[in-house]
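The structure under discussion appears below in the form of structure tokens.
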Amino acid sequence: MMKLLSYLKTGSAALLVTALAVPALAAEQGVSTDIGTLDQESAEKAFPAKPPYSPYAGRNFPTRPFFGDTHLHTSFSMDAGAFGARLGPKDAYRFAKGEEVIASSGQHAKLSRPLDFLVVTDHSDGMGFFPQLMAADPVLMATPQGRKWYDQINSGQGATAAVDIITSFGKGQLPKGFPTPGTPAYRSAWRETIKAAEEANDPGRFTAFIGYEWTSNAGGNNLHRNVIWRDGGAKASLIEPYTTQPPLGSPNPRDLWKWMAMCEGKTGAEILALAHNGNLSNGRMFPIIESFNGRRIDREYAENRMRWEPLYEATQIKGDGETHPFLSPNDEFANFERWDKGNLDLTEVKKPEMLEFEYVRSGLKNGLKMEAELGVNPYKFGLVGSTDAHTGLAAVEEDNFFGKTSSSEPSAERATHPFVKTDKAVIMGWEQTASGYAAVWATENTREAIFDAMKRRETYATTGPRMTVRFFGGWDFEAADASNRLPAKIGYTKGVPMGGDLTTAPTGKSPTFLVAALKDPIGANLDRIQVIKGWLGKDGQTQERIYDVAVSGDRKIDADGRSKASVGNTVDVANATWTNTIGAGEMITVWKDPDFDPTLRAFYYVRVIEIPTPRWTAYDAKYFGVTMPKETPMTTTERAYTSPIWYTP
Amino acid sequence: MRLTLLREPLFQFLVLGGVLFSLSHLVDRNKAEAPDRILVSSARIDNLADGFARTWRRPPSKEELQGLIDDYIRDEVFYREGRAAGLDRDDVIIRRRVRQKMEFLAEDASSAEPGDDQLAAYLEANPARFRTDDRLTFRQVFLSANRRERTINDDSKQVADALTQLGATGDTTSLGDPFLLGEDFKAVSQTDVVGIFGDDFAKYLAAVELGRWQGPISSSFGQHFVYISERIPGGLPPLAAVREAVLREWSNARRLEAEQKLYRSLRDRYDIVVETPPSKSAQAGP
């Protein structure tokens with residue numbers, strides 16, 4: 001029995017793994033929201049030739065980042081609920097607002113500070129499945145599988161049934177009658193989801209988005225997307241979520257995009273989608289060859305992907321997705337929270353040639369290549385982080401980590417239990433990453449403002465800490481701008497923010513960037529700020545390069561743009577403490593690309609690295625008095641990744 | 001609320017209760033059926049037909065209805081035999097579903113609509129939950145710990161002197177360092193001050209008087225001087241302004257209370273003995 005149970009847990013973990021989809025945007029807008037233009041206008045409105053008497057009047061650019069989670073599951077998700085998650089969407093929103101709740105494991109849980117927004121994204125497939133199965137729905141009962149599960153559950157073999165359900169889901173072999181949009185079970189689950197968001201939404205103070213996850217998992221390869229509404233329940237309740245199981249649904253993202261277009265057209269809503277965990281897609285997340293038809297992606301694919309998927313979830317509990325040491329051998333920070341053993345359910349092992357199509361940086365690079373070929377960049381996405389927790393708890397602080405599933409909530413054993421285990425590979429509990437959150441530069445804390453900022457990609461990912469990161473690109477930033485009293489004002493006036501575009505380089509000029517970061521007020525100091533550049537060379541090959549643009553302390557940046565000296569380490573692992581005696585609380589600088597070629601496509605994004613701090617495993621070891629396996633990392637370097645700014649000749 | 005519930009599959013699940021004990025518990029107790037007799041009542045048959053109709057949008061044919069009845073009997077036979085053999089007992093899924101059902105029952109019992117007087121009383125009894133933050137409008141002069149590593153304390157004294165001379169209306173833009181989130185903050189809530197500057201800073205601000213430069217205040221970024229020009233007091237809003245939130249909290253409190261009450265009353269029926277496991281099991285296993 002114990003063996004069976006632990007297998008069950010792994011099975012559930014595998015299914016759980018979910019995606020984050022960020023919503024696709026508004027119908028009336030085309031693919032190419034011109035961020036640059038948008039911000040130019042707002043900047044001009046904010047700062048007319050003669051400023052108004054009141055310094056506050058007209059100040060309509062975003063003045064602070066809002067932190068949230070675009071990807072959280074509750075007991076409404078088939079997998080989460082069956083395996084012990086008890087908290088539903090209402091509890092999830094309460095917790096995000098800073099209230100104390102009782103976690104599924106019976107422990108009291110509370111965030112250090114409230115989040116500003118949350119999207120509950122339960123799986124669209126199987127919403128309401130368990131109640132329906134248990135009610136002996138006649139359609140389900142007419143299928144051999146439904147009958148079998150029902151009988152198994154009724155004869156005390158519920159665990160066997162659950163494993164079978166999850167496995168069948170992964171293989172796309174679910175019975176007719178599995179709750180699908182249009183059935184009462186489904187409708188009621190969706191209505192409850194909407195209702196919870198409507199109740200929790202508190203414009204100006206807390207934003208509760210309506211959303212769901214489209215969990216495309218063909219062959220166990222993660223192509224999940226979360227879908228988010230800009231609108232409230234009135235529009236969201238006009239339609240039911242898109243699923244992945246044929247014939248109603250499809251695992252092919254092209255079909256999701258069609259559904260999104262239909263949804264906007266028929267209901268007048270605005271939605272967007274964001275994907276996640278390319279690291280578990282085995283080479284399919286950012287394809288050049290589409291896995292569904294074996295053909296090279298075409299312009300239609302590129303246009304739709306760019307239109308509907310403005311963001312990507314770059315970091316979360318199932319590993320960090322920025323880049324991989326195999327892809328970025330010269331990046332000493334690349335080996336970070338890697339999950340590279342196989343696909344989502346570990347039914348297929350990873351091969352090195354898959355990696356290029358899985359990670360953010362290589363995806364952005366291939367986007368430039370495809371743009372040269374197709375005229376449209378399919379992978380022009382901004383970055384956020386999110387949790388993908390299946391506990392109803394968006395809790396990913398290192399000292400307050402409530403794990404991926406209810407079975408991995410804090411306990412003496414959670415680090416040493418296998419998280420996913422198959423005959424191909426094992427992922428241990430300690431490999432879970434306490435990450436991340438989405439930071440959004442929105443003008444106010446409302447559904448509309450945050451959604452619009454997501455659509456223009458004015459966002460960044462953090463692995464948990466709430467650092468403030470600014471990134472502006474333009475042609476005229478100069479060193480003195482780093483000392484300007486109003487960094488945001490100068491940034492919006494002279495450039496475009498993260499997520500924006502630079503085009504038509506003035507003769508003889510190179511792009512300049514105003515880059516700044518402020519530590520989390522209760523977090524660790526910063527080690528350095530880096531600009532990561534990717535470009536498409538004349539030979540058609542993509543390249544990447546890292547520049548250290550600001551480092552703490554007395555360290556120097558060498559002529560090659562790098563500072564190889566380490567910031568040091570103050571972590572006391574045994575006591576799970578550190579001190580802010582190294583690093584810097586804030587950094588700001590102006591950086592000019594020293595290697596600019598105006599004829600080449602390029603992107604630039606910022607990576608902010610914190611000083612080393614105790615990893616969640618160190619807090620666990622201290623609190624529970626346990627010894628972690630030797631291979632367990634006990635320190636971490638938290639970080640933030642901004643959306644890129646693209647240069648297009 | 002109740003009508004909605006009747007249409008819920010979950011409710012149907014509760015009624016059919018194939019897996020769960022509460023219904024058969026009642027049935028057993030009422031001796032409506034002998035242990036060796038299975039009665040398919042006409043109400044049950046209607047119920048089965050209804051379930052079919054909801055899915056198929058038509059009533060079942062005679063054969064289909066017979067199939068449903070046969071199926072129900074089959075369920076019942078297996079269910080009773082399975083229970084008699086104790087197959088339900090150690091099953092995690094069944095245990096959870098049963099527990100969930102019981103909690104849903106409690107929730108339903110607590111779902112009556114409250115009147116305004118009840119909500120007003122709740123608001124009064126739980127003011128902390130609904131009180132709005134004070135909002136502050138202030139200007140700061142910031143000294144960066146990073147930029148002034150060694151000189152920050154001396155610089156801080158100089159800035160303090162300069163501010164005293166400048167007073168309220170003087171131009172402070174030549175003093176101190178840029179701060180990434182700006183120097184003017186308008187109508188910022190206490191919660192946002194905590195989010196931006198940290199807890200200690202916010203507490204300090206909450207206590208100082210308006211209309212003069214205050215500081216230095218330390219934060220994890222460095223030192224700050226602050227001039228608060230306006231404090232918009234928060235407070236307890238009238239019920240009408242927060243009715244929705246009060247209703248939400250009230251319902252949630254009632255739900256937890258009802259669940260707890262149900263649990264207590266049921267728990268009292270048991271004599272609970274918890275054994276102390278041998279000490280080796282306290283250690284973490286692999």
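Residue numbering restarts at 1 for every chain of the structure tokens, chains are lettered A, B, ... in their displayed order, and ligands are numbered from 1 as they appear.
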Which of range 11-258 of chain B fall in helix (DSSP H, G or I), as number ranges by chain: B: 11-16, 21-30, 42-56, 62-84, 92-109, 116-125, 127-130, 152-166, 190-197, 199-207, 239-258
I'd like to know which residues of range 482-594 of chain A are strand (DSSP E or B) (by DSSP, run on the backbone); could you write them as a VMD selection string? chain A and resid 496 to 497 501 to 503 512 to 518 526 to 536 542 to 551 572 577 584 586 to 592
So that I have them on file, write out the residues from the current selection with N, CA and C atoms, as a compact mmCIF listing (two decimals), in the first residue's frame.
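Here's the written file out35.txt:
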# COMPACT_ATOMS: atom_id res chain seq x y z
N VAL A 496 12.17 53.36 -24.59
CA VAL A 496 11.04 52.45 -24.43
C VAL A 496 11.35 51.51 -23.26
N PRO A 497 10.31 51.07 -22.55
CA PRO A 497 10.56 50.18 -21.42
C PRO A 497 10.73 48.74 -21.88
N ASP A 501 10.35 48.03 -28.47
CA ASP A 501 11.10 47.86 -29.72
C ASP A 501 11.95 49.07 -30.04
N LEU A 502 13.13 48.81 -30.58
CA LEU A 502 13.95 49.86 -31.17
C LEU A 502 14.07 49.54 -32.66
N THR A 503 13.88 50.57 -33.47
CA THR A 503 14.03 50.36 -34.91
C THR A 503 14.83 51.52 -35.48
N THR A 512 21.42 52.58 -26.39
CA THR A 512 21.83 52.84 -25.01
C THR A 512 20.70 52.40 -24.09
N PHE A 513 21.05 52.04 -22.88
CA PHE A 513 20.04 51.50 -21.97
C PHE A 513 20.20 52.09 -20.58
N LEU A 514 19.07 52.46 -20.01
CA LEU A 514 19.05 52.85 -18.60
C LEU A 514 18.61 51.62 -17.82
N VAL A 515 19.47 51.14 -16.94
CA VAL A 515 19.23 49.87 -16.25
C VAL A 515 19.33 50.11 -14.75
N ALA A 516 18.34 49.65 -14.00
CA ALA A 516 18.38 49.89 -12.56
C ALA A 516 17.68 48.77 -11.81
N ALA A 517 18.16 48.52 -10.60
CA ALA A 517 17.50 47.52 -9.75
C ALA A 517 17.60 47.95 -8.30
N LEU A 518 16.55 47.62 -7.58
CA LEU A 518 16.46 47.93 -6.16
C LEU A 518 16.14 46.61 -5.47
N LEU A 526 22.02 42.89 -3.82
CA LEU A 526 22.23 42.47 -5.20
C LEU A 526 23.71 42.28 -5.49
N ASP A 527 24.02 41.26 -6.25
CA ASP A 527 25.40 40.99 -6.66
C ASP A 527 25.74 41.83 -7.90
N ARG A 528 24.87 41.74 -8.93
CA ARG A 528 25.19 42.40 -10.19
C ARG A 528 23.96 42.53 -11.08
N ILE A 529 24.09 43.43 -12.04
CA ILE A 529 23.09 43.50 -13.11
C ILE A 529 23.81 43.16 -14.40
N GLN A 530 23.17 42.32 -15.20
CA GLN A 530 23.75 41.93 -16.49
C GLN A 530 22.79 42.26 -17.62
N VAL A 531 23.34 42.61 -18.75
CA VAL A 531 22.53 42.70 -19.97
C VAL A 531 22.90 41.49 -20.81
N ILE A 532 21.90 40.77 -21.25
CA ILE A 532 22.14 39.61 -22.10
C ILE A 532 21.66 39.95 -23.51
N LYS A 533 22.58 39.84 -24.43
CA LYS A 533 22.27 40.20 -25.81
C LYS A 533 22.27 38.94 -26.67
N GLY A 534 21.26 38.85 -27.53
CA GLY A 534 21.26 37.79 -28.53
C GLY A 534 21.11 38.45 -29.88
N TRP A 535 21.73 37.89 -30.91
CA TRP A 535 21.59 38.49 -32.22
C TRP A 535 21.73 37.45 -33.32
N LEU A 536 21.32 37.86 -34.51
CA LEU A 536 21.42 36.99 -35.67
C LEU A 536 22.55 37.51 -36.53
N THR A 542 22.74 32.33 -34.92
CA THR A 542 22.44 33.16 -33.76
C THR A 542 23.61 33.15 -32.79
N GLN A 543 23.72 34.24 -32.06
CA GLN A 543 24.80 34.40 -31.09
C GLN A 543 24.23 34.95 -29.79
N GLU A 544 25.00 34.80 -28.71
CA GLU A 544 24.60 35.43 -27.47
C GLU A 544 25.84 35.93 -26.74
N ARG A 545 25.62 36.92 -25.89
CA ARG A 545 26.75 37.43 -25.12
C ARG A 545 26.22 38.07 -23.84
N ILE A 546 27.00 37.92 -22.78
CA ILE A 546 26.62 38.49 -21.48
C ILE A 546 27.52 39.67 -21.17
N TYR A 547 26.91 40.75 -20.73
CA TYR A 547 27.67 41.92 -20.27
C TYR A 547 27.30 42.19 -18.82
N ASP A 548 28.32 42.29 -17.95
CA ASP A 548 28.06 42.79 -16.60
C ASP A 548 28.01 44.30 -16.73
N VAL A 549 26.91 44.91 -16.31
CA VAL A 549 26.82 46.37 -16.48
C VAL A 549 26.89 47.12 -15.16
N ALA A 550 26.61 46.42 -14.07
CA ALA A 550 26.79 47.03 -12.75
C ALA A 550 27.12 45.92 -11.77
N VAL A 551 28.15 46.10 -10.97
CA VAL A 551 28.51 45.10 -9.96
C VAL A 551 28.67 45.80 -8.63
N ASP A 572 25.19 31.00 6.24
CA ASP A 572 25.46 30.02 7.28
C ASP A 572 24.40 28.93 7.09
N THR A 577 20.93 31.22 7.66
CA THR A 577 20.95 32.69 7.74
C THR A 577 21.98 33.24 6.75
N ALA A 584 24.94 45.06 -3.01
CA ALA A 584 24.44 46.43 -2.99
C ALA A 584 22.93 46.45 -2.90
N GLU A 586 21.03 48.90 -4.14
CA GLU A 586 20.47 49.42 -5.38
C GLU A 586 21.60 49.67 -6.37
N MET A 587 21.26 49.61 -7.62
CA MET A 587 22.24 49.87 -8.68
C MET A 587 21.51 50.55 -9.82
N ILE A 588 22.20 51.49 -10.43
CA ILE A 588 21.63 52.11 -11.62
C ILE A 588 22.79 52.50 -12.53
N THR A 589 22.60 52.31 -13.80
CA THR A 589 23.68 52.65 -14.74
C THR A 589 23.11 52.88 -16.12
N VAL A 590 23.93 53.51 -16.95
CA VAL A 590 23.59 53.60 -18.37
C VAL A 590 24.62 52.77 -19.11
N TRP A 591 24.13 51.94 -19.99
CA TRP A 591 25.02 51.04 -20.74
C TRP A 591 24.77 51.20 -22.22
N LYS A 592 25.88 51.20 -22.95
CA LYS A 592 25.79 51.34 -24.41
C LYS A 592 26.38 50.08 -25.02
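For the residues B:Gln260, B:Ser144, B:Asn153, B:Gln158, ranking by smallest atom-to-atom distance to chain A using only C-alpha atoms places B:Ser144 first.
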Any idea what's packed within 12 Å of Asn580 in chain A, counting only C-alpha atoms, ignoring anything in its chain fewer than 4 positions away? Could you give it as a list in words? Lys519, Asp520, Pro521, Ile522, Gly523, Ala524, Asn525, Leu526, Asp527, Ser552, Val567, Gly568, Asn569, Thr570, Val571, Ala584, Gly585, Glu610, Ile611, Pro612 and Thr613 of chain A; Ala145, Asn146, Ser220 and Phe221 of chain B
For those residues, write N, CA and C atoms to a file as a PDB file, in the first residue's frame.
ATOM      1  N   LYS A 519      16.857  46.296  -4.410  1.00  0.00           N
ATOM      2  CA  LYS A 519      16.625  45.015  -3.747  1.00  0.00           C
ATOM      3  C   LYS A 519      15.217  44.936  -3.160  1.00  0.00           C
ATOM      4  N   ASP A 520      14.761  43.749  -2.892  1.00  0.00           N
ATOM      5  CA  ASP A 520      13.551  43.536  -2.109  1.00  0.00           C
ATOM      6  C   ASP A 520      13.772  44.187  -0.736  1.00  0.00           C
ATOM      7  N   PRO A 521      12.829  45.052  -0.282  1.00  0.00           N
ATOM      8  CA  PRO A 521      13.087  45.768   0.977  1.00  0.00           C
ATOM      9  C   PRO A 521      13.343  44.836   2.160  1.00  0.00           C
ATOM     10  N   ILE A 522      12.831  43.613   2.108  1.00  0.00           N
ATOM     11  CA  ILE A 522      13.158  42.698   3.204  1.00  0.00           C
ATOM     12  C   ILE A 522      14.049  41.553   2.722  1.00  0.00           C
ATOM     13  N   GLY A 523      14.655  41.720   1.559  1.00  0.00           N
ATOM     14  CA  GLY A 523      15.419  40.607   0.997  1.00  0.00           C
ATOM     15  C   GLY A 523      16.909  40.862   0.972  1.00  0.00           C
ATOM     16  N   ALA A 524      17.584  40.082   0.151  1.00  0.00           N
ATOM     17  CA  ALA A 524      19.036  40.122   0.085  1.00  0.00           C
ATOM     18  C   ALA A 524      19.513  41.222  -0.857  1.00  0.00           C
ATOM     19  N   ASN A 525      20.746  41.639  -0.637  1.00  0.00           N
ATOM     20  CA  ASN A 525      21.393  42.605  -1.525  1.00  0.00           C
ATOM     21  C   ASN A 525      21.625  42.011  -2.912  1.00  0.00           C
ATOM     22  N   LEU A 526      22.017  42.893  -3.824  1.00  0.00           N
ATOM     23  CA  LEU A 526      22.226  42.469  -5.202  1.00  0.00           C
ATOM     24  C   LEU A 526      23.714  42.281  -5.485  1.00  0.00           C
ATOM     25  N   ASP A 527      24.018  41.259  -6.253  1.00  0.00           N
ATOM     26  CA  ASP A 527      25.397  40.990  -6.664  1.00  0.00           C
ATOM     27  C   ASP A 527      25.737  41.831  -7.898  1.00  0.00           C
ATOM     28  N   SER A 552      28.433  45.075  -7.559  1.00  0.00           N
ATOM     29  CA  SER A 552      28.505  45.696  -6.243  1.00  0.00           C
ATOM     30  C   SER A 552      29.950  45.759  -5.757  1.00  0.00           C
ATOM     31  N   VAL A 567      30.982  37.758  -5.794  1.00  0.00           N
ATOM     32  CA  VAL A 567      30.554  38.699  -4.759  1.00  0.00           C
ATOM     33  C   VAL A 567      30.859  38.159  -3.364  1.00  0.00           C
ATOM     34  N   GLY A 568      31.104  36.861  -3.261  1.00  0.00           N
ATOM     35  CA  GLY A 568      31.328  36.249  -1.951  1.00  0.00           C
ATOM     36  C   GLY A 568      30.089  35.527  -1.480  1.00  0.00           C
ATOM     37  N   ASN A 569      30.125  35.082  -0.227  1.00  0.00           N
ATOM     38  CA  ASN A 569      29.027  34.271   0.282  1.00  0.00           C
ATOM     39  C   ASN A 569      28.985  34.402   1.801  1.00  0.00           C
ATOM     40  N   THR A 570      27.856  34.808   2.340  1.00  0.00           N
ATOM     41  CA  THR A 570      27.750  34.958   3.804  1.00  0.00           C
ATOM     42  C   THR A 570      26.806  33.925   4.407  1.00  0.00           C
ATOM     43  N   VAL A 571      26.391  32.947   3.592  1.00  0.00           N
ATOM     44  CA  VAL A 571      25.366  32.011   4.069  1.00  0.00           C
ATOM     45  C   VAL A 571      25.912  31.079   5.140  1.00  0.00           C
ATOM     46  N   ALA A 584      24.936  45.056  -3.008  1.00  0.00           N
ATOM     47  CA  ALA A 584      24.443  46.435  -2.988  1.00  0.00           C
ATOM     48  C   ALA A 584      22.929  46.445  -2.899  1.00  0.00           C
ATOM     49  N   GLY A 585      22.397  47.467  -2.235  1.00  0.00           N
ATOM     50  CA  GLY A 585      20.955  47.590  -2.115  1.00  0.00           C
ATOM     51  C   GLY A 585      20.295  48.083  -3.386  1.00  0.00           C
ATOM     52  N   GLU A 610      20.992  38.194  -7.187  1.00  0.00           N
ATOM     53  CA  GLU A 610      21.151  38.494  -5.757  1.00  0.00           C
ATOM     54  C   GLU A 610      22.415  37.824  -5.216  1.00  0.00           C
ATOM     55  N   ILE A 611      22.846  38.273  -4.048  1.00  0.00           N
ATOM     56  CA  ILE A 611      23.930  37.570  -3.357  1.00  0.00           C
ATOM     57  C   ILE A 611      23.403  36.201  -2.911  1.00  0.00           C
ATOM     58  N   PRO A 612      24.294  35.250  -2.624  1.00  0.00           N
ATOM     59  CA  PRO A 612      23.820  33.924  -2.213  1.00  0.00           C
ATOM     60  C   PRO A 612      23.011  33.994  -0.909  1.00  0.00           C
ATOM     61  N   THR A 613      21.953  33.202  -0.877  1.00  0.00           N
ATOM     62  CA  THR A 613      21.097  33.107   0.313  1.00  0.00           C
ATOM     63  C   THR A 613      20.765  31.630   0.543  1.00  0.00           C
TER      64      THR A 613
ATOM     65  N   ALA B 145      22.952  54.080   0.729  1.00  0.00           N
ATOM     66  CA  ALA B 145      24.007  53.385   1.469  1.00  0.00           C
ATOM     67  C   ALA B 145      25.087  52.910   0.508  1.00  0.00           C
ATOM     68  N   ASN B 146      24.653  52.627  -0.680  1.00  0.00           N
ATOM     69  CA  ASN B 146      25.555  52.122  -1.684  1.00  0.00           C
ATOM     70  C   ASN B 146      26.523  53.192  -2.191  1.00  0.00           C
ATOM     71  N   SER B 220      16.570  49.411   4.406  1.00  0.00           N
ATOM     72  CA  SER B 220      17.641  48.550   3.924  1.00  0.00           C
ATOM     73  C   SER B 220      18.323  49.146   2.699  1.00  0.00           C
ATOM     74  N   PHE B 221      17.837  50.313   2.218  1.00  0.00           N
ATOM     75  CA  PHE B 221      18.482  50.956   1.072  1.00  0.00           C
ATOM     76  C   PHE B 221      19.455  52.056   1.504  1.00  0.00           C
TER      77      PHE B 221
END
I want to know what sits within 10 Å of Trp257 in chain A, based on only C-alpha atoms, with residues of the same chain fewer than 2 positions away left out; could you give that as JSON, numbers by chain? {"A": [24, 252, 253, 254, 255, 259, 260, 261, 262, 263, 272, 273, 301, 304, 305, 307, 308, 309]}
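Counting only C-alpha atoms and comparing B:Arg243, B:Leu166, B:Ser219, B:Ala49, the residue that lies closest to Glu63 in chain B is B:Ala49.
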Using only C-alpha atoms, pick whichever of A:Arg338, A:Arg466, A:Lys258, A:Arg225 has the shortest atom-to-atom distance to chain B.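 The shortest atom-to-atom distance to chain B comes from A:Arg466.
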Show which residues sit within 9 Å of Ala236 in chain A, as a VMD selection string. Count only C-alpha atoms, and ignore same-chain residues fewer than 2 positions away. chain A and resid 194 210 to 211 229 231 to 234 238 to 240 267 269
Could those residues be written to a file, using C-alpha atoms, as a PDB file, in the first residue's frame?
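The file below, again-v2.pdb, is the result:
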ATOM      1  CA  ILE A 194     -15.439  32.741 -12.032  1.00  0.00           C
ATOM      2  CA  ILE A 210     -10.309  34.801 -14.335  1.00  0.00           C
ATOM      3  CA  GLY A 211      -8.316  32.093 -16.098  1.00  0.00           C
ATOM      4  CA  TRP A 229      -9.226  37.207 -19.184  1.00  0.00           C
ATOM      5  CA  ASP A 231     -12.697  41.057 -18.425  1.00  0.00           C
ATOM      6  CA  GLY A 232     -14.949  40.087 -15.567  1.00  0.00           C
ATOM      7  CA  GLY A 233     -17.394  37.258 -15.102  1.00  0.00           C
ATOM      8  CA  ALA A 234     -20.051  38.712 -17.358  1.00  0.00           C
ATOM      9  CA  LEU A 238     -20.422  33.358 -21.881  1.00  0.00           C
ATOM     10  CA  ILE A 239     -18.022  30.604 -22.830  1.00  0.00           C
ATOM     11  CA  GLU A 240     -16.397  27.558 -21.315  1.00  0.00           C
ATOM     12  CA  THR A 267     -17.973  37.212 -26.413  1.00  0.00           C
ATOM     13  CA  ALA A 269     -13.675  39.521 -24.254  1.00  0.00           C
TER      14      ALA A 269
END
Out of A:Ile289, A:Ala480, A:Thr462, A:Gly553, which residue has the shortest atom-to-atom distance to Arg148 in chain B when counting only C-alpha atoms? A:Gly553
